[in-house]
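One file, upload_23.cif, carrying mmCIF, N, CA and C atoms:
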data_my_file
#
loop_
_atom_site.label_atom_id
_atom_site.label_comp_id
_atom_site.auth_asym_id
_atom_site.auth_seq_id
_atom_site.Cartn_x
_atom_site.Cartn_y
_atom_site.Cartn_z
N MET A 1 10.18 -25.80 -10.10
CA MET A 1 9.44 -24.95 -9.18
C MET A 1 8.76 -25.83 -8.13
N GLY A 2 8.49 -25.27 -6.99
CA GLY A 2 7.98 -26.04 -5.88
C GLY A 2 6.49 -26.26 -5.86
N ASP A 3 5.74 -25.78 -6.87
CA ASP A 3 4.29 -25.94 -6.83
C ASP A 3 3.80 -27.18 -7.56
N GLY A 4 4.72 -27.99 -8.09
CA GLY A 4 4.33 -29.23 -8.75
C GLY A 4 3.92 -29.05 -10.20
N ARG A 5 3.85 -27.84 -10.67
CA ARG A 5 3.43 -27.57 -12.04
C ARG A 5 4.65 -27.55 -12.94
N ARG A 6 4.53 -28.09 -14.13
CA ARG A 6 5.64 -28.07 -15.09
C ARG A 6 5.61 -26.78 -15.88
N TYR A 7 6.73 -26.13 -15.92
CA TYR A 7 6.87 -24.92 -16.72
C TYR A 7 7.68 -25.26 -17.96
N GLU A 8 7.19 -24.78 -19.07
CA GLU A 8 7.86 -25.06 -20.33
C GLU A 8 8.24 -23.76 -21.00
N GLU A 9 9.14 -23.87 -21.95
CA GLU A 9 9.55 -22.70 -22.70
C GLU A 9 8.32 -22.08 -23.37
N GLY A 10 8.19 -20.77 -23.28
CA GLY A 10 7.04 -20.09 -23.86
C GLY A 10 5.95 -19.78 -22.86
N ASP A 11 6.01 -20.38 -21.66
CA ASP A 11 5.03 -20.03 -20.63
C ASP A 11 5.19 -18.56 -20.29
N GLU A 12 4.06 -17.90 -20.05
CA GLU A 12 4.10 -16.49 -19.69
C GLU A 12 4.71 -16.29 -18.32
N ASP A 13 5.39 -15.17 -18.17
CA ASP A 13 5.92 -14.79 -16.87
C ASP A 13 4.77 -14.17 -16.08
N MET A 14 4.24 -14.90 -15.13
CA MET A 14 3.07 -14.45 -14.38
C MET A 14 3.42 -13.34 -13.38
N SER A 15 4.70 -13.02 -13.25
CA SER A 15 5.08 -11.96 -12.33
C SER A 15 5.03 -10.60 -12.98
N GLU A 16 4.70 -10.54 -14.27
CA GLU A 16 4.61 -9.27 -14.99
C GLU A 16 3.52 -8.41 -14.36
N VAL A 17 3.86 -7.17 -14.06
CA VAL A 17 2.90 -6.24 -13.47
C VAL A 17 2.35 -5.36 -14.59
N LEU A 18 1.03 -5.37 -14.74
CA LEU A 18 0.38 -4.60 -15.79
C LEU A 18 -0.30 -3.37 -15.20
N GLY A 19 -0.30 -2.29 -15.95
CA GLY A 19 -1.02 -1.10 -15.55
C GLY A 19 -2.50 -1.26 -15.88
N LEU A 20 -3.31 -0.34 -15.37
CA LEU A 20 -4.76 -0.41 -15.56
C LEU A 20 -5.13 -0.42 -17.04
N LYS A 21 -4.55 0.47 -17.83
CA LYS A 21 -4.90 0.54 -19.25
C LYS A 21 -4.51 -0.74 -19.98
N GLU A 22 -3.40 -1.33 -19.61
CA GLU A 22 -3.00 -2.59 -20.23
C GLU A 22 -3.97 -3.71 -19.87
N LYS A 23 -4.41 -3.74 -18.62
CA LYS A 23 -5.37 -4.76 -18.19
C LYS A 23 -6.70 -4.59 -18.91
N LEU A 24 -7.20 -3.35 -18.96
CA LEU A 24 -8.47 -3.10 -19.65
C LEU A 24 -8.36 -3.41 -21.14
N GLY A 25 -7.19 -3.18 -21.71
CA GLY A 25 -6.98 -3.43 -23.13
C GLY A 25 -7.06 -4.89 -23.51
N ARG A 26 -6.95 -5.79 -22.55
CA ARG A 26 -7.05 -7.23 -22.84
C ARG A 26 -8.50 -7.71 -22.92
N ASN A 27 -9.41 -6.94 -22.37
CA ASN A 27 -10.82 -7.32 -22.40
C ASN A 27 -11.38 -7.20 -23.81
N VAL A 28 -12.44 -7.91 -24.08
CA VAL A 28 -13.13 -7.86 -25.37
C VAL A 28 -14.54 -7.37 -25.10
N PHE A 29 -15.03 -6.48 -25.95
CA PHE A 29 -16.39 -5.97 -25.81
C PHE A 29 -17.19 -6.38 -27.03
N LYS A 30 -18.23 -7.18 -26.81
CA LYS A 30 -19.09 -7.62 -27.91
C LYS A 30 -20.31 -6.72 -27.99
N HIS A 31 -20.53 -6.16 -29.17
CA HIS A 31 -21.63 -5.22 -29.37
C HIS A 31 -22.99 -5.93 -29.37
N ASN A 32 -23.99 -5.16 -29.00
CA ASN A 32 -25.38 -5.60 -29.02
C ASN A 32 -26.14 -4.53 -29.77
N GLU A 33 -27.25 -4.87 -30.35
CA GLU A 33 -28.02 -3.87 -31.09
C GLU A 33 -28.63 -2.81 -30.16
N HIS A 34 -28.78 -3.13 -28.88
CA HIS A 34 -29.33 -2.18 -27.92
C HIS A 34 -28.27 -1.82 -26.89
N ARG A 35 -28.16 -0.53 -26.60
CA ARG A 35 -27.24 -0.08 -25.55
C ARG A 35 -27.79 -0.48 -24.19
N HIS A 36 -26.97 -0.97 -23.32
CA HIS A 36 -27.44 -1.41 -22.01
C HIS A 36 -27.46 -0.27 -20.98
N ILE A 37 -26.86 0.85 -21.31
CA ILE A 37 -26.93 2.04 -20.46
C ILE A 37 -27.33 3.22 -21.33
N GLU A 38 -28.28 3.97 -20.87
CA GLU A 38 -28.71 5.20 -21.55
C GLU A 38 -28.87 6.30 -20.52
N ILE A 39 -28.42 7.48 -20.88
CA ILE A 39 -28.72 8.66 -20.06
C ILE A 39 -30.17 9.03 -20.37
N LYS A 40 -30.97 9.17 -19.34
CA LYS A 40 -32.38 9.48 -19.57
C LYS A 40 -32.53 10.83 -20.26
N ALA A 41 -33.51 10.89 -21.16
CA ALA A 41 -33.75 12.10 -21.95
C ALA A 41 -33.92 13.31 -21.05
N GLY A 42 -33.23 14.39 -21.40
CA GLY A 42 -33.32 15.63 -20.65
C GLY A 42 -32.44 15.70 -19.43
N LYS A 43 -31.72 14.63 -19.13
CA LYS A 43 -30.87 14.59 -17.93
C LYS A 43 -29.38 14.82 -18.25
N GLU A 44 -29.05 15.09 -19.51
CA GLU A 44 -27.66 15.22 -19.93
C GLU A 44 -26.93 16.35 -19.20
N ARG A 45 -27.66 17.37 -18.75
CA ARG A 45 -27.06 18.52 -18.06
C ARG A 45 -27.26 18.47 -16.55
N ASP A 46 -27.87 17.43 -16.06
CA ASP A 46 -28.09 17.31 -14.62
C ASP A 46 -26.72 17.25 -13.91
N PRO A 47 -26.48 18.12 -12.97
CA PRO A 47 -25.16 18.15 -12.31
C PRO A 47 -24.80 16.84 -11.61
N ARG A 48 -25.78 16.07 -11.19
CA ARG A 48 -25.49 14.79 -10.53
C ARG A 48 -24.85 13.79 -11.49
N LEU A 49 -25.13 13.95 -12.77
CA LEU A 49 -24.59 13.03 -13.78
C LEU A 49 -23.08 13.20 -13.94
N LYS A 50 -22.56 14.34 -13.57
CA LYS A 50 -21.11 14.59 -13.69
C LYS A 50 -20.30 13.66 -12.79
N LYS A 51 -20.95 13.08 -11.79
CA LYS A 51 -20.24 12.10 -10.94
C LYS A 51 -19.71 10.95 -11.78
N ALA A 52 -20.46 10.56 -12.80
CA ALA A 52 -20.05 9.43 -13.65
C ALA A 52 -18.75 9.72 -14.39
N VAL A 53 -18.53 10.99 -14.73
CA VAL A 53 -17.29 11.37 -15.41
C VAL A 53 -16.09 11.02 -14.53
N TYR A 54 -16.24 11.18 -13.23
CA TYR A 54 -15.13 10.97 -12.31
C TYR A 54 -15.02 9.53 -11.80
N VAL A 55 -16.13 8.82 -11.71
CA VAL A 55 -16.07 7.50 -11.06
C VAL A 55 -16.01 6.32 -12.02
N CYS A 56 -16.37 6.49 -13.28
CA CYS A 56 -16.36 5.37 -14.22
C CYS A 56 -14.93 4.85 -14.38
N PRO A 57 -14.66 3.60 -13.99
CA PRO A 57 -13.29 3.08 -14.08
C PRO A 57 -12.80 2.92 -15.51
N ALA A 58 -13.70 2.83 -16.47
CA ALA A 58 -13.31 2.68 -17.87
C ALA A 58 -13.24 4.04 -18.58
N GLY A 59 -13.64 5.11 -17.90
CA GLY A 59 -13.57 6.45 -18.49
C GLY A 59 -14.51 6.68 -19.65
N LEU A 60 -15.72 6.13 -19.55
CA LEU A 60 -16.65 6.19 -20.68
C LEU A 60 -17.55 7.42 -20.70
N TYR A 61 -17.56 8.18 -19.62
CA TYR A 61 -18.37 9.39 -19.55
C TYR A 61 -17.47 10.60 -19.75
N SER A 62 -17.98 11.60 -20.50
CA SER A 62 -17.21 12.82 -20.72
C SER A 62 -18.17 14.00 -20.86
N LEU A 63 -17.63 15.20 -20.69
CA LEU A 63 -18.41 16.43 -20.87
C LEU A 63 -18.13 16.97 -22.26
N ASN A 64 -19.19 17.35 -23.00
CA ASN A 64 -18.99 17.95 -24.31
C ASN A 64 -18.90 19.48 -24.16
N ASP A 65 -18.76 20.18 -25.26
CA ASP A 65 -18.60 21.64 -25.24
C ASP A 65 -19.83 22.37 -24.72
N GLN A 66 -20.99 21.74 -24.76
CA GLN A 66 -22.23 22.33 -24.26
C GLN A 66 -22.46 22.04 -22.78
N GLY A 67 -21.53 21.35 -22.14
CA GLY A 67 -21.67 21.02 -20.73
C GLY A 67 -22.56 19.82 -20.47
N GLU A 68 -22.85 19.06 -21.51
CA GLU A 68 -23.67 17.85 -21.37
C GLU A 68 -22.75 16.63 -21.19
N VAL A 69 -23.22 15.68 -20.41
CA VAL A 69 -22.47 14.45 -20.22
C VAL A 69 -22.82 13.50 -21.37
N GLU A 70 -21.77 12.96 -21.97
CA GLU A 70 -21.94 11.98 -23.05
C GLU A 70 -21.39 10.64 -22.59
N LEU A 71 -21.94 9.58 -23.16
CA LEU A 71 -21.54 8.22 -22.80
C LEU A 71 -21.12 7.46 -24.04
N THR A 72 -19.93 6.90 -24.00
CA THR A 72 -19.46 5.97 -25.02
C THR A 72 -19.53 4.59 -24.40
N ILE A 73 -20.33 3.71 -24.97
CA ILE A 73 -20.63 2.43 -24.32
C ILE A 73 -19.53 1.38 -24.53
N ASP A 74 -18.74 1.50 -25.61
CA ASP A 74 -17.70 0.50 -25.89
C ASP A 74 -16.68 0.46 -24.78
N GLY A 75 -16.47 -0.70 -24.22
CA GLY A 75 -15.50 -0.88 -23.16
C GLY A 75 -16.09 -0.85 -21.76
N CYS A 76 -17.41 -0.80 -21.67
CA CYS A 76 -18.07 -0.79 -20.36
C CYS A 76 -17.72 -2.07 -19.60
N LEU A 77 -17.37 -1.91 -18.34
CA LEU A 77 -17.01 -3.06 -17.49
C LEU A 77 -18.21 -3.67 -16.79
N GLU A 78 -19.38 -3.06 -16.95
CA GLU A 78 -20.62 -3.56 -16.35
C GLU A 78 -20.53 -3.64 -14.83
N CYS A 79 -19.80 -2.72 -14.24
CA CYS A 79 -19.59 -2.75 -12.79
C CYS A 79 -20.72 -2.08 -12.02
N GLY A 80 -21.46 -1.18 -12.67
CA GLY A 80 -22.56 -0.49 -12.01
C GLY A 80 -22.16 0.73 -11.20
N THR A 81 -20.90 1.12 -11.26
CA THR A 81 -20.45 2.27 -10.49
C THR A 81 -21.22 3.53 -10.89
N CYS A 82 -21.45 3.73 -12.16
CA CYS A 82 -22.18 4.92 -12.62
C CYS A 82 -23.61 4.93 -12.07
N ARG A 83 -24.22 3.79 -12.04
CA ARG A 83 -25.60 3.69 -11.53
C ARG A 83 -25.65 4.01 -10.04
N LEU A 84 -24.68 3.52 -9.30
CA LEU A 84 -24.63 3.80 -7.87
C LEU A 84 -24.36 5.28 -7.61
N ALA A 85 -23.46 5.87 -8.39
CA ALA A 85 -23.10 7.27 -8.18
C ALA A 85 -24.20 8.24 -8.60
N CYS A 86 -24.89 7.92 -9.69
CA CYS A 86 -25.85 8.87 -10.27
C CYS A 86 -27.30 8.55 -9.93
N GLY A 87 -27.61 7.29 -9.71
CA GLY A 87 -28.97 6.90 -9.37
C GLY A 87 -29.80 6.53 -10.58
N PRO A 88 -30.83 5.74 -10.36
CA PRO A 88 -31.68 5.26 -11.46
C PRO A 88 -32.56 6.36 -12.07
N GLU A 89 -32.67 7.50 -11.40
CA GLU A 89 -33.46 8.57 -12.00
C GLU A 89 -32.72 9.27 -13.14
N LEU A 90 -31.41 9.02 -13.27
CA LEU A 90 -30.62 9.63 -14.34
C LEU A 90 -30.22 8.64 -15.43
N LEU A 91 -30.09 7.37 -15.06
CA LEU A 91 -29.61 6.37 -16.01
C LEU A 91 -30.57 5.19 -16.11
N ASP A 92 -30.78 4.73 -17.33
CA ASP A 92 -31.41 3.43 -17.56
C ASP A 92 -30.26 2.45 -17.70
N TRP A 93 -30.12 1.54 -16.74
CA TRP A 93 -28.96 0.65 -16.67
C TRP A 93 -29.45 -0.78 -16.55
N ASN A 94 -29.00 -1.62 -17.48
CA ASN A 94 -29.31 -3.05 -17.46
C ASN A 94 -28.07 -3.80 -17.91
N TYR A 95 -27.97 -5.04 -17.51
CA TYR A 95 -26.89 -5.86 -18.06
C TYR A 95 -27.20 -6.14 -19.52
N PRO A 96 -26.16 -6.27 -20.36
CA PRO A 96 -26.40 -6.61 -21.77
C PRO A 96 -27.02 -8.00 -21.90
N ALA A 97 -27.65 -8.23 -23.03
CA ALA A 97 -28.20 -9.55 -23.33
C ALA A 97 -27.08 -10.57 -23.38
N GLY A 98 -27.42 -11.82 -23.13
CA GLY A 98 -26.43 -12.90 -23.12
C GLY A 98 -25.56 -12.91 -24.37
N GLY A 99 -24.27 -13.07 -24.16
CA GLY A 99 -23.31 -13.10 -25.28
C GLY A 99 -22.79 -11.75 -25.68
N ALA A 100 -23.40 -10.67 -25.20
CA ALA A 100 -22.95 -9.32 -25.51
C ALA A 100 -22.29 -8.72 -24.28
N GLY A 101 -21.61 -7.61 -24.49
CA GLY A 101 -20.97 -6.90 -23.39
C GLY A 101 -19.52 -7.31 -23.22
N VAL A 102 -19.01 -7.07 -22.04
CA VAL A 102 -17.60 -7.30 -21.77
C VAL A 102 -17.30 -8.78 -21.54
N GLN A 103 -16.17 -9.20 -22.07
CA GLN A 103 -15.63 -10.53 -21.79
C GLN A 103 -14.24 -10.30 -21.24
N PHE A 104 -14.07 -10.59 -19.96
CA PHE A 104 -12.80 -10.31 -19.29
C PHE A 104 -11.74 -11.30 -19.70
N ARG A 105 -10.56 -10.77 -19.95
CA ARG A 105 -9.38 -11.56 -20.28
C ARG A 105 -8.38 -11.32 -19.16
N PHE A 106 -8.30 -12.26 -18.26
CA PHE A 106 -7.37 -12.12 -17.14
C PHE A 106 -5.99 -12.49 -17.63
N GLY A 107 -5.02 -11.70 -17.26
CA GLY A 107 -3.73 -11.99 -17.80
C GLY A 107 -2.64 -11.85 -16.85
#

Same coordinates, now as structure tokens:
Amino acid sequence: MGDGRRYEEGDEDMSEVLGLKEKLGRNVFKHNEHRHIEIKAGKERDPRLKKAVYVCPAGLYSLNDQGEVELTIDGCLECGTCRLACGPELLDWNYPAGGAGVQFRFG
């Protein structure tokens, strides 16, 4: 190859195109005893919170049968999209403590 790098048998084919779910599936999420995002008490039915259902790239927000927004924290990308869409009056959002949260695996 013309880039000066030696390729050996077993090297990954870097031209492989991965879909979003495959890319997200390579990441690792380390749990922490405290959730870094919480829906503020009493705000579960606030219509502005429904924005998070549509904009969260990891799909962690959903509507339950009572019309309340629920959050599953596992797999959070820590991108802050939900905070920007919904605002700090609806969400308590902080980065996880060191060593916890998402660890990206680029592939």

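Candidate residues A:Lys50, A:Gly19, A:Glu38, A:Pro88 were compared for distance to Ser62 in chain A, and the nearest is A:Lys50, using all atoms listed in the file.
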
Check your understanding: What does the PyMOL selection byres (((chain A and resi 51-56 and name CA) around 10) and name CA) select in this file, as an MDAnalysis selection string?
Key -> chainID A and resid 47:50 57:63 69:71 76:77 79:86

Revision key, fill the gap. The distance between CA of Thr72 in chain A and CA of Arg35 in chain A is 9.9 Å

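For the pair atom C of Pro96 in chain A and atom N of Glu68 in chain A, the interatomic distance is 27.4 Å.
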
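The spacing separating CA of Lys43 in chain A from CA of Ile73 in chain A amounts to 17.1 Å.
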
Exercise for review: Would you translate the PyMOL selection byres ((chain A and resi 37) around 7) into the concrete set of residues it matches in this file, as a PyMOL selection string?
Suggested key: chain A and resi 34-36+38-39+91-94

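Shortest atom-to-atom contact with Asp46 in chain A among A:Gly87, A:Gly67, A:Val17, A:Tyr95: A:Gly67, counting only N, CA and C atoms.
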
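Using only C-alpha atoms for every distance, the candidate list A:Asn64, A:Gly75, A:Ala41, A:Glu33 yields A:Glu33 as the residue closest to Ala97 in chain A.
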